[in-house]
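Novice: What follows is work_7.pdb, made up of PDB, C-alpha atoms:
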MODEL        1
ATOM      1  CA  MET A 288      39.845 -13.464-140.808
ATOM      2  CA  SER A 289      43.104 -15.311-140.360
ATOM      3  CA  ASN A 290      42.815 -18.924-139.200
ATOM      4  CA  ASN A 291      46.419 -19.054-138.002
ATOM      5  CA  THR A 292      47.018 -19.345-134.283
ATOM      6  CA  GLU A 293      50.250 -17.292-134.391
ATOM      7  CA  PRO A 294      49.763 -13.534-134.032
ATOM      8  CA  THR A 295      50.154 -11.820-137.400
ATOM      9  CA  VAL A 296      52.286  -8.766-138.103
ATOM     10  CA  VAL A 297      52.141  -6.876-141.394
ATOM     11  CA  VAL A 298      55.534  -5.404-142.310
ATOM     12  CA  ALA A 299      55.248  -2.521-144.764
ATOM     13  CA  GLY A 300      58.539  -2.195-146.640
ATOM     14  CA  GLY A 301      59.687  -5.630-145.509
ATOM     15  CA  ALA A 302      61.713  -6.181-148.692
ATOM     16  CA  GLY A 303      64.038  -3.308-147.798
ATOM     17  CA  TYR A 304      67.180  -3.192-145.671
ATOM     18  CA  ILE A 305      65.824  -2.865-142.131
ATOM     19  CA  GLY A 306      62.449  -4.399-142.962
ATOM     20  CA  SER A 307      63.949  -7.672-144.223
ATOM     21  CA  HIS A 308      65.922  -8.077-140.988
ATOM     22  CA  MET A 309      62.740  -7.399-139.015
ATOM     23  CA  VAL A 310      60.840 -10.042-140.965
ATOM     24  CA  ARG A 311      63.497 -12.601-140.075
ATOM     25  CA  MET A 312      63.399 -11.701-136.375
ATOM     26  CA  LEU A 313      59.597 -11.758-136.219
ATOM     27  CA  ALA A 314      59.459 -15.177-137.873
ATOM     28  CA  GLU A 315      62.092 -16.508-135.461
ATOM     29  CA  SER A 316      60.037 -15.102-132.574
ATOM     30  CA  GLY A 317      56.913 -17.033-133.544
ATOM     31  CA  PHE A 318      54.941 -14.437-135.470
ATOM     32  CA  ARG A 319      53.195 -14.969-138.773
ATOM     33  CA  VAL A 320      54.656 -12.296-141.046
ATOM     34  CA  VAL A 321      53.120 -10.784-144.168
ATOM     35  CA  VAL A 322      55.276  -8.313-146.093
ATOM     36  CA  VAL A 323      53.704  -5.550-148.154
ATOM     37  CA  ASP A 324      56.157  -3.926-150.558
ATOM     38  CA  ASN A 325      55.896  -2.403-154.032
ATOM     39  CA  LEU A 326      59.568  -3.315-154.672
ATOM     40  CA  ALA A 327      60.382   0.258-155.742
ATOM     41  CA  THR A 328      63.552   0.045-153.659
ATOM     42  CA  GLY A 329      63.181  -3.368-152.012
ATOM     43  CA  TYR A 330      64.129  -6.824-153.295
ATOM     44  CA  ALA A 331      61.831  -9.845-153.367
ATOM     45  CA  ASP A 332      64.750 -12.171-152.611
ATOM     46  CA  ALA A 333      65.425 -10.265-149.360
ATOM     47  CA  VAL A 334      62.123 -11.627-148.018
ATOM     48  CA  GLN A 335      63.440 -14.967-146.796
ATOM     49  CA  ASP A 336      60.674 -15.541-144.252
ATOM     50  CA  GLY A 337      56.963 -14.812-144.289
ATOM     51  CA  THR A 338      54.743 -14.067-147.274
ATOM     52  CA  LEU A 339      55.289 -11.250-149.777
ATOM     53  CA  ARG A 340      52.306  -9.336-151.150
ATOM     54  CA  ILE A 341      53.334  -6.866-153.840
ATOM     55  CA  GLY A 342      51.391  -3.620-153.749
ATOM     56  CA  ASP A 343      51.172  -0.073-152.396
ATOM     57  CA  ILE A 344      50.516   0.508-148.704
ATOM     58  CA  GLY A 345      48.598   3.671-149.607
ATOM     59  CA  ASP A 346      46.131   1.871-151.887
ATOM     60  CA  PRO A 347      42.947   1.191-149.885
ATOM     61  CA  ALA A 348      41.645  -1.208-152.565
ATOM     62  CA  PHE A 349      44.752  -3.353-152.016
ATOM     63  CA  MET A 350      45.267  -2.914-148.279
ATOM     64  CA  GLY A 351      41.626  -3.086-147.143
ATOM     65  CA  PRO A 352      40.952  -6.701-148.180
ATOM     66  CA  LEU A 353      44.424  -7.719-146.961
ATOM     67  CA  LEU A 354      43.960  -6.271-143.480
ATOM     68  CA  ARG A 355      40.412  -7.651-143.186
ATOM     69  CA  GLU A 356      41.678 -11.101-144.144
ATOM     70  CA  LEU A 357      44.710 -11.083-141.843
ATOM     71  CA  GLN A 358      43.413  -9.076-138.861
ATOM     72  CA  PRO A 359      47.034  -8.434-137.791
ATOM     73  CA  GLN A 360      47.987  -7.548-134.253
ATOM     74  CA  CYS A 361      50.136  -4.705-135.569
ATOM     75  CA  VAL A 362      51.452  -3.000-138.696
ATOM     76  CA  MET A 363      55.170  -2.139-138.742
ATOM     77  CA  HIS A 364      55.954   0.613-141.222
ATOM     78  CA  PHE A 365      59.412   0.684-142.844
ATOM     79  CA  ALA A 366      58.299   1.840-146.319
ATOM     80  CA  ALA A 367      59.604   5.321-147.116
ATOM     81  CA  ALA A 368      61.746   7.375-149.443
ATOM     82  CA  SER A 369      64.833   8.172-147.376
ATOM     83  CA  LEU A 370      67.542   9.981-149.381
ATOM     84  CA  VAL A 371      68.091  13.384-147.799
ATOM     85  CA  GLY A 372      69.745  14.866-150.897
ATOM     86  CA  GLU A 373      67.002  13.638-153.216
ATOM     87  CA  SER A 374      64.369  15.048-150.875
ATOM     88  CA  MET A 375      65.834  18.531-151.448
ATOM     89  CA  THR A 376      65.359  18.291-155.223
ATOM     90  CA  ALA A 377      62.212  16.102-155.330
ATOM     91  CA  PRO A 378      60.178  17.085-152.257
ATOM     92  CA  ALA A 379      56.862  16.083-153.853
ATOM     93  CA  LYS A 380      58.021  12.450-153.942
ATOM     94  CA  TYR A 381      58.808  12.589-150.217
ATOM     95  CA  TRP A 382      55.545  14.185-149.160
ATOM     96  CA  ARG A 383      53.573  11.684-151.252
ATOM     97  CA  ASN A 384      55.521   8.561-150.271
ATOM     98  CA  ASN A 385      56.141   9.376-146.648
ATOM     99  CA  LEU A 386      53.066  11.324-145.572
ATOM    100  CA  VAL A 387      50.179  10.774-148.002
ATOM    101  CA  GLN A 388      50.761   7.020-148.365
ATOM    102  CA  THR A 389      51.079   6.656-144.595
ATOM    103  CA  LEU A 390      47.865   8.576-143.919
ATOM    104  CA  ASN A 391      46.065   6.347-146.418
ATOM    105  CA  LEU A 392      47.462   3.295-144.630
ATOM    106  CA  LEU A 393      46.373   4.583-141.211
ATOM    107  CA  ASP A 394      42.855   5.308-142.492
ATOM    108  CA  THR A 395      42.599   1.806-143.961
ATOM    109  CA  MET A 396      43.849   0.286-140.698
ATOM    110  CA  LEU A 397      41.144   2.103-138.741
ATOM    111  CA  GLU A 398      38.456   0.982-141.178
ATOM    112  CA  CYS A 399      39.628  -2.606-140.655
ATOM    113  CA  GLY A 400      39.872  -2.382-136.870
ATOM    114  CA  VAL A 401      43.692  -2.572-136.712
ATOM    115  CA  LYS A 402      44.883  -0.203-133.989
ATOM    116  CA  GLN A 403      48.547  -0.948-133.265
ATOM    117  CA  PHE A 404      51.286   0.681-135.352
ATOM    118  CA  ILE A 405      55.082   0.903-135.165
ATOM    119  CA  PHE A 406      56.651   3.695-137.201
ATOM    120  CA  SER A 407      60.227   4.075-138.442
ATOM    121  CA  SER A 408      61.231   7.676-137.942
ATOM    122  CA  THR A 409      64.616   9.340-138.018
ATOM    123  CA  ALA A 410      67.087  11.609-136.258
ATOM    124  CA  ALA A 411      66.505  13.942-139.237
ATOM    125  CA  VAL A 412      63.460  15.291-137.361
ATOM    126  CA  TYR A 413      65.854  17.123-135.011
ATOM    127  CA  GLY A 414      67.666  19.121-137.694
ATOM    128  CA  ASN A 415      70.875  20.768-136.486
ATOM    129  CA  PRO A 416      71.248  19.744-132.843
ATOM    130  CA  VAL A 417      71.462  22.425-130.185
ATOM    131  CA  GLU A 418      72.648  19.873-127.613
ATOM    132  CA  VAL A 419      74.314  16.469-127.792
ATOM    133  CA  PRO A 420      73.476  13.736-126.964
ATOM    134  CA  ILE A 421      69.976  14.277-128.343
ATOM    135  CA  THR A 422      66.961  13.349-126.199
ATOM    136  CA  GLU A 423      63.415  12.824-127.465
ATOM    137  CA  GLN A 424      62.529  16.275-126.084
ATOM    138  CA  HIS A 425      65.150  18.038-128.213
ATOM    139  CA  PRO A 426      63.553  20.677-130.508
ATOM    140  CA  GLN A 427      62.350  19.153-133.761
ATOM    141  CA  VAL A 428      63.343  21.527-136.541
ATOM    142  CA  PRO A 429      64.077  19.443-139.660
ATOM    143  CA  ILE A 430      66.290  21.008-142.323
ATOM    144  CA  ASN A 431      65.161  18.898-145.301
ATOM    145  CA  PRO A 432      61.893  17.564-146.779
ATOM    146  CA  TYR A 433      62.752  14.012-145.672
ATOM    147  CA  GLY A 434      62.837  15.059-142.013
ATOM    148  CA  ASN A 435      59.785  17.269-142.491
ATOM    149  CA  SER A 436      57.756  14.402-143.954
ATOM    150  CA  LYS A 437      58.682  12.047-141.100
ATOM    151  CA  LEU A 438      57.872  14.645-138.459
ATOM    152  CA  ALA A 439      54.498  15.266-140.109
ATOM    153  CA  VAL A 440      53.650  11.568-139.701
ATOM    154  CA  GLU A 441      54.711  11.708-136.039
ATOM    155  CA  LYS A 442      52.311  14.616-135.482
ATOM    156  CA  ALA A 443      49.521  12.768-137.299
ATOM    157  CA  LEU A 444      50.082   9.708-135.127
ATOM    158  CA  ALA A 445      49.652  11.788-131.960
ATOM    159  CA  ASP A 446      46.364  13.168-133.312
ATOM    160  CA  TYR A 447      45.138   9.741-134.516
ATOM    161  CA  SER A 448      45.913   8.330-131.086
ATOM    162  CA  ALA A 449      43.933  11.030-129.268
ATOM    163  CA  ALA A 450      40.935  10.950-131.620
ATOM    164  CA  TYR A 451      40.721   7.336-132.819
ATOM    165  CA  GLY A 452      42.577   5.241-130.255
ATOM    166  CA  LEU A 453      45.251   4.116-132.726
ATOM    167  CA  ARG A 454      48.198   3.317-130.449
ATOM    168  CA  SER A 455      51.646   3.718-131.947
ATOM    169  CA  ILE A 456      55.298   3.597-131.005
ATOM    170  CA  THR A 457      57.611   5.752-133.108
ATOM    171  CA  LEU A 458      61.297   4.815-133.220
ATOM    172  CA  ARG A 459      63.710   7.541-134.280
ATOM    173  CA  TYR A 460      66.770   5.856-135.767
ATOM    174  CA  PHE A 461      70.200   7.347-135.823
ATOM    175  CA  ASN A 462      72.584   5.650-138.337
ATOM    176  CA  ALA A 463      71.427   2.104-139.074
ATOM    177  CA  ALA A 464      74.346  -0.112-140.116
ATOM    178  CA  GLY A 465      75.605  -3.672-140.248
ATOM    179  CA  ALA A 466      74.061  -6.873-141.574
ATOM    180  CA  HIS A 467      72.635 -10.120-140.266
ATOM    181  CA  PRO A 468      75.409 -11.949-138.377
ATOM    182  CA  ASP A 469      74.962 -15.034-140.594
ATOM    183  CA  GLY A 470      75.655 -12.967-143.732
ATOM    184  CA  SER A 471      72.390 -13.919-145.435
ATOM    185  CA  ILE A 472      70.901 -10.407-145.729
ATOM    186  CA  GLY A 473      72.389  -6.933-145.548
ATOM    187  CA  GLU A 474      72.341  -3.361-146.774
ATOM    188  CA  ARG A 475      71.579  -2.977-150.443
ATOM    189  CA  HIS A 476      70.606   0.414-151.793
ATOM    190  CA  GLU A 477      70.701   1.695-155.361
ATOM    191  CA  PRO A 478      72.208   4.258-155.253
ATOM    192  CA  GLU A 479      74.114   3.685-152.020
ATOM    193  CA  THR A 480      74.616   6.801-149.892
ATOM    194  CA  HIS A 481      75.576   5.408-146.461
ATOM    195  CA  LEU A 482      79.156   5.589-145.241
ATOM    196  CA  ILE A 483      79.713   2.024-144.010
ATOM    197  CA  PRO A 484      78.549   0.167-147.146
ATOM    198  CA  LEU A 485      80.387   2.686-149.335
ATOM    199  CA  VAL A 486      83.639   2.187-147.395
ATOM    200  CA  LEU A 487      83.274  -1.583-147.696
ATOM    201  CA  GLN A 488      82.571  -1.355-151.423
ATOM    202  CA  VAL A 489      85.973   0.306-151.726
ATOM    203  CA  ALA A 490      87.534  -2.544-149.751
ATOM    204  CA  SER A 491      85.906  -5.165-152.002
ATOM    205  CA  GLY A 492      86.991  -3.379-155.189
ATOM    206  CA  ARG A 493      83.571  -2.144-156.279
ATOM    207  CA  ARG A 494      84.563   1.522-155.802
ATOM    208  CA  PRO A 495      87.964   3.211-156.288
ATOM    209  CA  PHE A 496      87.896   5.422-153.150
ATOM    210  CA  ILE A 497      85.735   6.722-150.316
ATOM    211  CA  SER A 498      84.774  10.401-150.259
ATOM    212  CA  ARG A 499      85.086  12.346-147.027
ATOM    213  CA  PHE A 500      82.662  15.258-147.239
ATOM    214  CA  GLY A 501      84.434  17.870-145.153
ATOM    215  CA  SER A 502      87.452  17.633-142.851
ATOM    216  CA  LYS A 503      87.191  20.894-140.921
ATOM    217  CA  PHE A 504      84.124  20.352-138.778
ATOM    218  CA  ALA A 505      84.185  21.374-135.111
ATOM    219  CA  THR A 506      84.918  17.791-134.001
ATOM    220  CA  PRO A 507      88.052  16.184-132.489
ATOM    221  CA  ASP A 508      89.426  15.073-135.870
ATOM    222  CA  GLY A 509      87.564  17.473-138.197
ATOM    223  CA  SER A 510      85.217  14.862-139.718
ATOM    224  CA  CYS A 511      81.500  14.357-139.010
ATOM    225  CA  VAL A 512      80.522  12.256-135.990
ATOM    226  CA  ARG A 513      77.557   9.877-136.132
ATOM    227  CA  ASP A 514      75.908   7.286-133.883
ATOM    228  CA  TYR A 515      75.949   3.910-135.677
ATOM    229  CA  ILE A 516      73.464   1.286-134.554
ATOM    230  CA  HIS A 517      73.434  -2.351-135.669
ATOM    231  CA  VAL A 518      70.378  -3.292-137.724
ATOM    232  CA  GLN A 519      69.763  -6.300-135.451
ATOM    233  CA  ASP A 520      69.637  -4.008-132.424
ATOM    234  CA  LEU A 521      67.119  -1.793-134.241
ATOM    235  CA  CYS A 522      64.966  -4.845-134.901
ATOM    236  CA  THR A 523      65.178  -5.963-131.283
ATOM    237  CA  ALA A 524      63.806  -2.560-130.253
ATOM    238  CA  HIS A 525      60.877  -3.039-132.666
ATOM    239  CA  LEU A 526      60.148  -6.465-131.207
ATOM    240  CA  LEU A 527      60.139  -4.995-127.694
ATOM    241  CA  ALA A 528      57.893  -2.151-128.892
ATOM    242  CA  LEU A 529      55.495  -4.703-130.397
ATOM    243  CA  ARG A 530      55.269  -6.512-127.070
ATOM    244  CA  LYS A 531      54.804  -3.204-125.255
ATOM    245  CA  LEU A 532      51.865  -2.273-127.500
ATOM    246  CA  GLY A 533      50.428  -5.749-126.948
ATOM    247  CA  GLU A 534      50.479  -5.023-123.215
ATOM    248  CA  GLY A 535      48.465  -1.840-123.748
ATOM    249  CA  ALA A 536      51.200   0.811-124.029
ATOM    250  CA  GLN A 537      50.071   4.241-125.110
ATOM    251  CA  THR A 538      51.439   6.232-128.042
ATOM    252  CA  THR A 539      55.042   7.308-127.495
ATOM    253  CA  ILE A 540      58.412   7.974-129.157
ATOM    254  CA  TYR A 541      61.903   6.558-128.558
ATOM    255  CA  ASN A 542      65.371   7.354-129.881
ATOM    256  CA  LEU A 543      67.440   4.389-131.042
ATOM    257  CA  GLY A 544      71.197   4.791-130.936
ATOM    258  CA  ASN A 545      74.180   3.516-128.979
ATOM    259  CA  GLY A 546      75.044   6.892-127.489
ATOM    260  CA  ASN A 547      78.567   6.592-128.935
ATOM    261  CA  GLY A 548      79.754   8.876-131.695
ATOM    262  CA  HIS A 549      82.238   7.692-134.336
ATOM    263  CA  SER A 550      83.806  10.116-136.784
ATOM    264  CA  VAL A 551      84.108   9.436-140.502
ATOM    265  CA  ASN A 552      87.865   9.061-139.998
ATOM    266  CA  GLU A 553      87.350   6.543-137.187
ATOM    267  CA  VAL A 554      84.953   4.460-139.301
ATOM    268  CA  ILE A 555      87.396   4.378-142.209
ATOM    269  CA  GLU A 556      90.277   3.363-139.914
ATOM    270  CA  ALA A 557      88.150   0.655-138.305
ATOM    271  CA  ALA A 558      87.158  -0.609-141.761
ATOM    272  CA  ARG A 559      90.831  -0.827-142.734
ATOM    273  CA  ARG A 560      91.474  -2.963-139.653
ATOM    274  CA  VAL A 561      88.457  -5.208-140.210
ATOM    275  CA  THR A 562      88.996  -5.784-143.939
ATOM    276  CA  GLY A 563      92.789  -5.624-144.173
ATOM    277  CA  HIS A 564      92.434  -3.309-147.194
ATOM    278  CA  PRO A 565      93.966   0.185-147.547
ATOM    279  CA  ILE A 566      90.692   1.977-148.573
ATOM    280  CA  PRO A 567      91.876   5.090-150.467
ATOM    281  CA  LEU A 568      90.331   8.359-149.295
ATOM    282  CA  ARG A 569      89.374  11.458-151.288
ATOM    283  CA  ASP A 570      88.469  14.792-149.740
ATOM    284  CA  ASP A 571      85.341  16.453-151.127
ATOM    285  CA  PRO A 572      83.532  19.628-150.040
ATOM    286  CA  PRO A 573      81.075  19.390-147.125
ATOM    287  CA  ARG A 574      77.473  18.638-148.021
ATOM    288  CA  ALA A 575      74.802  21.224-147.262
ATOM    289  CA  GLY A 576      72.935  20.483-144.061
ATOM    290  CA  ASP A 577      75.409  17.973-142.576
ATOM    291  CA  PRO A 578      75.461  18.585-138.800
ATOM    292  CA  PRO A 579      78.930  18.084-137.277
ATOM    293  CA  VAL A 580      77.682  15.697-134.562
ATOM    294  CA  LEU A 581      74.586  13.487-134.235
ATOM    295  CA  VAL A 582      74.573  11.227-131.180
ATOM    296  CA  ALA A 583      71.496   9.750-129.503
ATOM    297  CA  ASP A 584      70.433   9.752-125.909
ATOM    298  CA  ALA A 585      68.504   6.450-125.926
ATOM    299  CA  ARG A 586      68.133   6.028-122.179
ATOM    300  CA  ARG A 587      64.363   6.123-122.445
ATOM    301  CA  ALA A 588      64.240   3.104-124.773
ATOM    302  CA  ARG A 589      66.620   1.248-122.466
ATOM    303  CA  ALA A 590      64.496   2.043-119.401
ATOM    304  CA  GLU A 591      60.972   1.630-120.776
ATOM    305  CA  LEU A 592      61.508  -1.115-123.382
ATOM    306  CA  ALA A 593      64.317  -2.881-121.483
ATOM    307  CA  TRP A 594      66.298  -2.538-124.718
ATOM    308  CA  VAL A 595      69.960  -3.530-124.535
ATOM    309  CA  PRO A 596      71.958  -3.300-127.806
ATOM    310  CA  GLN A 597      73.906  -6.513-128.420
ATOM    311  CA  TYR A 598      76.313  -5.167-131.067
ATOM    312  CA  PRO A 599      77.353  -1.648-130.003
ATOM    313  CA  ASP A 600      80.979  -2.029-131.121
ATOM    314  CA  ILE A 601      81.796  -0.342-134.440
ATOM    315  CA  GLU A 602      84.194  -3.136-135.469
ATOM    316  CA  THR A 603      81.468  -5.761-134.946
ATOM    317  CA  ILE A 604      79.041  -3.688-137.029
ATOM    318  CA  LEU A 605      81.702  -3.409-139.755
ATOM    319  CA  ALA A 606      82.606  -7.112-139.581
ATOM    320  CA  HIS A 607      78.989  -8.188-140.139
ATOM    321  CA  ALA A 608      78.582  -5.662-142.958
ATOM    322  CA  TRP A 609      81.889  -6.814-144.515
ATOM    323  CA  GLN A 610      80.735 -10.433-144.522
ATOM    324  CA  TRP A 611      77.617  -9.352-146.427
ATOM    325  CA  GLU A 612      79.547  -7.080-148.821
ATOM    326  CA  GLN A 613      81.930  -9.897-149.799
ATOM    327  CA  LYS A 614      79.006 -12.204-150.496
ATOM    328  CA  PHE A 615      77.064  -9.544-152.384
ATOM    329  CA  ALA A 616      80.108  -8.496-154.459
ATOM    330  CA  GLN A 617      80.465 -12.150-155.557
ATOM    331  CA  MET A 618      76.754 -12.270-156.442
ATOM    332  CA  LYS A 619      77.160  -9.133-158.594
ATOM    333  CA  LYS A 620      80.155 -10.659-160.394
ATOM    334  CA  GLY A 621      78.217 -13.842-161.093
ATOM    335  CA  ARG A 622      75.422 -12.072-162.937
TER
ENDMDL
END
Show the structure stored in the file as structure tokens.
Specialist:
Amino acid sequence: MSNNTEPTVVVAGGAGYIGSHMVRMLAESGFRVVVVDNLATGYADAVQDGTLRIGDIGDPAFMGPLLRELQPQCVMHFAAASLVGESMTAPAKYWRNNLVQTLNLLDTMLECGVKQFIFSSTAAVYGNPVEVPITEQHPQVPINPYGNSKLAVEKALADYSAAYGLRSITLRYFNAAGAHPDGSIGERHEPETHLIPLVLQVASGRRPFISRFGSKFATPDGSCVRDYIHVQDLCTAHLLALRKLGEGAQTTIYNLGNGNGHSVNEVIEAARRVTGHPIPLRDDPPRAGDPPVLVADARRARAELAWVPQYPDIETILAHAWQWEQKFAQMKKGR
């Protein structure tokens, strides 16, 4: 049993991109934070607040004693394999990491009397949208194993809620982007697959060009349109969800997005303005399974969580990410 007076939150995957920003926000909001991460894709030095325990969330022998000791108010779950392309060629990894490990974690939580859970899900559960913007009621027909594995957890959470009283809030992200406004932490994937960090790596000289995968989509300028949401705004929604669960909220699901679509071309142009660099562009064939437009309807989160994004502007998102990229590029050179 924890002797600390502050409420404790366990952050699974807190050494990763979004998780590390969440850890910072929780600590600043007065929570005691314990990060659980196996560092498969996370970085120990990204955990700048709280305590890091290295291990697997799906290992009951590791998690059981930890949860009994801490008796956290809630577990926030950011730990997942999340590369859509990889999920097509290595589905077993995605089903194990994203579903089996999560079910093990949920079972351990129940054994330890921990019954509040916040889950990072994804717009990938919707598949190819039949209407835009996308509400939470939109048909969920994933087109890749990544989306399938996330949707399977969502279904399990509904069943665990009904049968065992485990209350959860699932947050379906659209395109997470940006970095902490102070430049101390940011996006850092190996390999990197997200448009904004890739564009900025071109600007900083770490890549020779940015690839545009398809220029003949049924969109105003022919390039894919996505809904980019600042990582800090994502974390704010988690904090509000945590408080909502603390007040007794029942299991539910929210979309997180700004409701504004930006095309690949628009992001590249905005990055040129923000960085002052030309950012060479190369046209490549479209990728299989890339919907032309993904834009969120997040009115429910705004209404029920009182969530108001603070950084909806694409140039602000890029400016914060650019500050981090310049710092990180210098760190890489100094190795």
Novice: For the provided coordinates, the residues matched by the PyMOL selection byres ((chain A and resi 305) around 9) should be stated as a compact mmCIF listing (two decimals) with C-alpha atoms, keeping the file's coordinate frame.
Specialist:
# COMPACT_ATOMS: atom_id res chain seq x y z
CA GLY A 300 58.54 -2.19 -146.64
CA GLY A 301 59.69 -5.63 -145.51
CA ALA A 302 61.71 -6.18 -148.69
CA GLY A 303 64.04 -3.31 -147.80
CA TYR A 304 67.18 -3.19 -145.67
CA GLY A 306 62.45 -4.40 -142.96
CA SER A 307 63.95 -7.67 -144.22
CA HIS A 308 65.92 -8.08 -140.99
CA MET A 309 62.74 -7.40 -139.01
CA VAL A 310 60.84 -10.04 -140.96
CA PHE A 365 59.41 0.68 -142.84
CA ALA A 463 71.43 2.10 -139.07
CA GLY A 473 72.39 -6.93 -145.55
CA GLU A 474 72.34 -3.36 -146.77
CA VAL A 518 70.38 -3.29 -137.72
CA GLN A 519 69.76 -6.30 -135.45
CA LEU A 521 67.12 -1.79 -134.24
CA CYS A 522 64.97 -4.84 -134.90
Novice: Atom CA of Asn435 of chain A to atom CA of His549 of chain A: how many Å, to one decimal?
Specialist: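 Pair atom CA of Asn435 of chain A / atom CA of His549 of chain A returns 25.7 Å.
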Novice: Using all atoms listed in the file, find the one residue out of A:Asp508, A:Ile483, A:Pro578, A:Tyr330 that sits nearest to Ala411 of chain A.
Specialist: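 Going through A:Asp508, A:Ile483, A:Pro578, A:Tyr330 one by one, the smallest distance to Ala411 of chain A is for A:Pro578.
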Novice: Evaluate the PyMOL selection byres ((chain A and resi 366) around 9) here and jot the selected residues down as number ranges by chain.
Specialist: A: 298-301, 303, 306, 323-324, 344, 364-365, 367-368, 384-385, 389, 407
Novice: As AutoDock Vina command-line options, what would the box around segment 394-399 of chain A look like: edges along x, y and z, 5 Å added on every side, centre and edge lengths in Å to one decimal?
Specialist:
--center_x 41.2 --center_y 1.4 --center_z -141.4 --size_x 15.4 --size_y 17.9 --size_z 15.2
Novice: Could you please determine the separation between atom CA of Pro352 of chain A and atom CA of Arg311 of chain A in Å, to one decimal place?
Specialist: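 Computing it gives 24.7 Å between the two atoms.
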Novice: I need the residue set behind the PyMOL selection byres ((chain A and resi 437) around 12) for this file; please write it as an mmCIF file with C-alpha atoms, keeping the file's coordinate frame.
Specialist:
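Saved file part_18.cif follows:
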data_model
loop_
_atom_site.group_PDB
_atom_site.id
_atom_site.type_symbol
_atom_site.label_atom_id
_atom_site.label_comp_id
_atom_site.auth_asym_id
_atom_site.auth_seq_id
_atom_site.Cartn_x
_atom_site.Cartn_y
_atom_site.Cartn_z
ATOM 1 C CA HIS A 364 55.954 0.613 -141.222
ATOM 2 C CA PHE A 365 59.412 0.684 -142.844
ATOM 3 C CA ALA A 366 58.299 1.840 -146.319
ATOM 4 C CA ALA A 367 59.604 5.321 -147.116
ATOM 5 C CA ALA A 368 61.746 7.375 -149.443
ATOM 6 C CA SER A 369 64.833 8.172 -147.376
ATOM 7 C CA VAL A 371 68.091 13.384 -147.799
ATOM 8 C CA SER A 374 64.369 15.048 -150.875
ATOM 9 C CA TYR A 381 58.808 12.589 -150.217
ATOM 10 C CA TRP A 382 55.545 14.185 -149.160
ATOM 11 C CA ARG A 383 53.573 11.684 -151.252
ATOM 12 C CA ASN A 384 55.521 8.561 -150.271
ATOM 13 C CA ASN A 385 56.141 9.376 -146.648
ATOM 14 C CA LEU A 386 53.066 11.324 -145.572
ATOM 15 C CA VAL A 387 50.179 10.774 -148.002
ATOM 16 C CA GLN A 388 50.761 7.020 -148.365
ATOM 17 C CA THR A 389 51.079 6.656 -144.595
ATOM 18 C CA LEU A 390 47.865 8.576 -143.919
ATOM 19 C CA PHE A 406 56.651 3.695 -137.201
ATOM 20 C CA SER A 407 60.227 4.075 -138.442
ATOM 21 C CA SER A 408 61.231 7.676 -137.942
ATOM 22 C CA THR A 409 64.616 9.340 -138.018
ATOM 23 C CA ALA A 410 67.087 11.609 -136.258
ATOM 24 C CA ALA A 411 66.505 13.942 -139.237
ATOM 25 C CA VAL A 412 63.460 15.291 -137.361
ATOM 26 C CA TYR A 413 65.854 17.123 -135.011
ATOM 27 C CA GLY A 414 67.666 19.121 -137.694
ATOM 28 C CA GLN A 427 62.350 19.153 -133.761
ATOM 29 C CA VAL A 428 63.343 21.527 -136.541
ATOM 30 C CA PRO A 429 64.077 19.443 -139.660
ATOM 31 C CA ILE A 430 66.290 21.008 -142.323
ATOM 32 C CA ASN A 431 65.161 18.898 -145.301
ATOM 33 C CA PRO A 432 61.893 17.564 -146.779
ATOM 34 C CA TYR A 433 62.752 14.012 -145.672
ATOM 35 C CA GLY A 434 62.837 15.059 -142.013
ATOM 36 C CA ASN A 435 59.785 17.269 -142.491
ATOM 37 C CA SER A 436 57.756 14.402 -143.954
ATOM 38 C CA LEU A 438 57.872 14.645 -138.459
ATOM 39 C CA ALA A 439 54.498 15.266 -140.109
ATOM 40 C CA VAL A 440 53.650 11.568 -139.701
ATOM 41 C CA GLU A 441 54.711 11.708 -136.039
ATOM 42 C CA LYS A 442 52.311 14.616 -135.482
ATOM 43 C CA ALA A 443 49.521 12.768 -137.299
ATOM 44 C CA LEU A 444 50.082 9.708 -135.127
ATOM 45 C CA THR A 457 57.611 5.752 -133.108
ATOM 46 C CA LEU A 458 61.297 4.815 -133.220
ATOM 47 C CA ARG A 459 63.710 7.541 -134.280
ATOM 48 C CA TYR A 460 66.770 5.856 -135.767
#
Novice: Taking 3 positions as the minimum chain separation for residues in the same chain, which residues sit within 12 Å of Thr506 of chain A when counting all atoms listed in the file? Answer as a list in words.
Specialist: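 Answer for this query is Gly501, Ser502, Lys503, Gly509, Ser510, Cys511, Val512, Arg513, Gly548, His549, Ser550, Val551, Asn552, Glu553, Pro578, Pro579, Val580 and Leu581 of chain A.
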Novice: Give me, as JSON lines, the closest atom pair and its distance (Å, one decimal) for every residue of segment 555-577 of chain A within a cut-off of 9 Å of segment 582-602 of chain A, counting only C-alpha atoms, rows sorted by chain and rising number.
Specialist:
{"residue": "A:Ala557", "atom": "CA", "partner": "A:Glu602", "partner_atom": "CA", "distance": 6.2}
{"residue": "A:Ala558", "atom": "CA", "partner": "A:Glu602", "partner_atom": "CA", "distance": 7.4}
{"residue": "A:Arg560", "atom": "CA", "partner": "A:Glu602", "partner_atom": "CA", "distance": 8.4}
{"residue": "A:Val561", "atom": "CA", "partner": "A:Glu602", "partner_atom": "CA", "distance": 6.7}
Novice: Just the number, please: distance in Å from atom CA of Leu543 of chain A to atom CA of Asp520 of chain A, one decimal.
Specialist: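 Atom CA of Leu543 of chain A sits 8.8 Å away from atom CA of Asp520 of chain A.
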Novice: Quick one: everything within 10 Å of Lys402 of chain A, counting all atoms listed in the file, minus sequence neighbours fewer than 5 positions away in the same chain. Send it as JSON, numbers by chain.
Specialist: {"A": [359, 360, 361, 362, 393, 396, 397, 447, 448, 451, 452, 453, 454, 455, 532]}
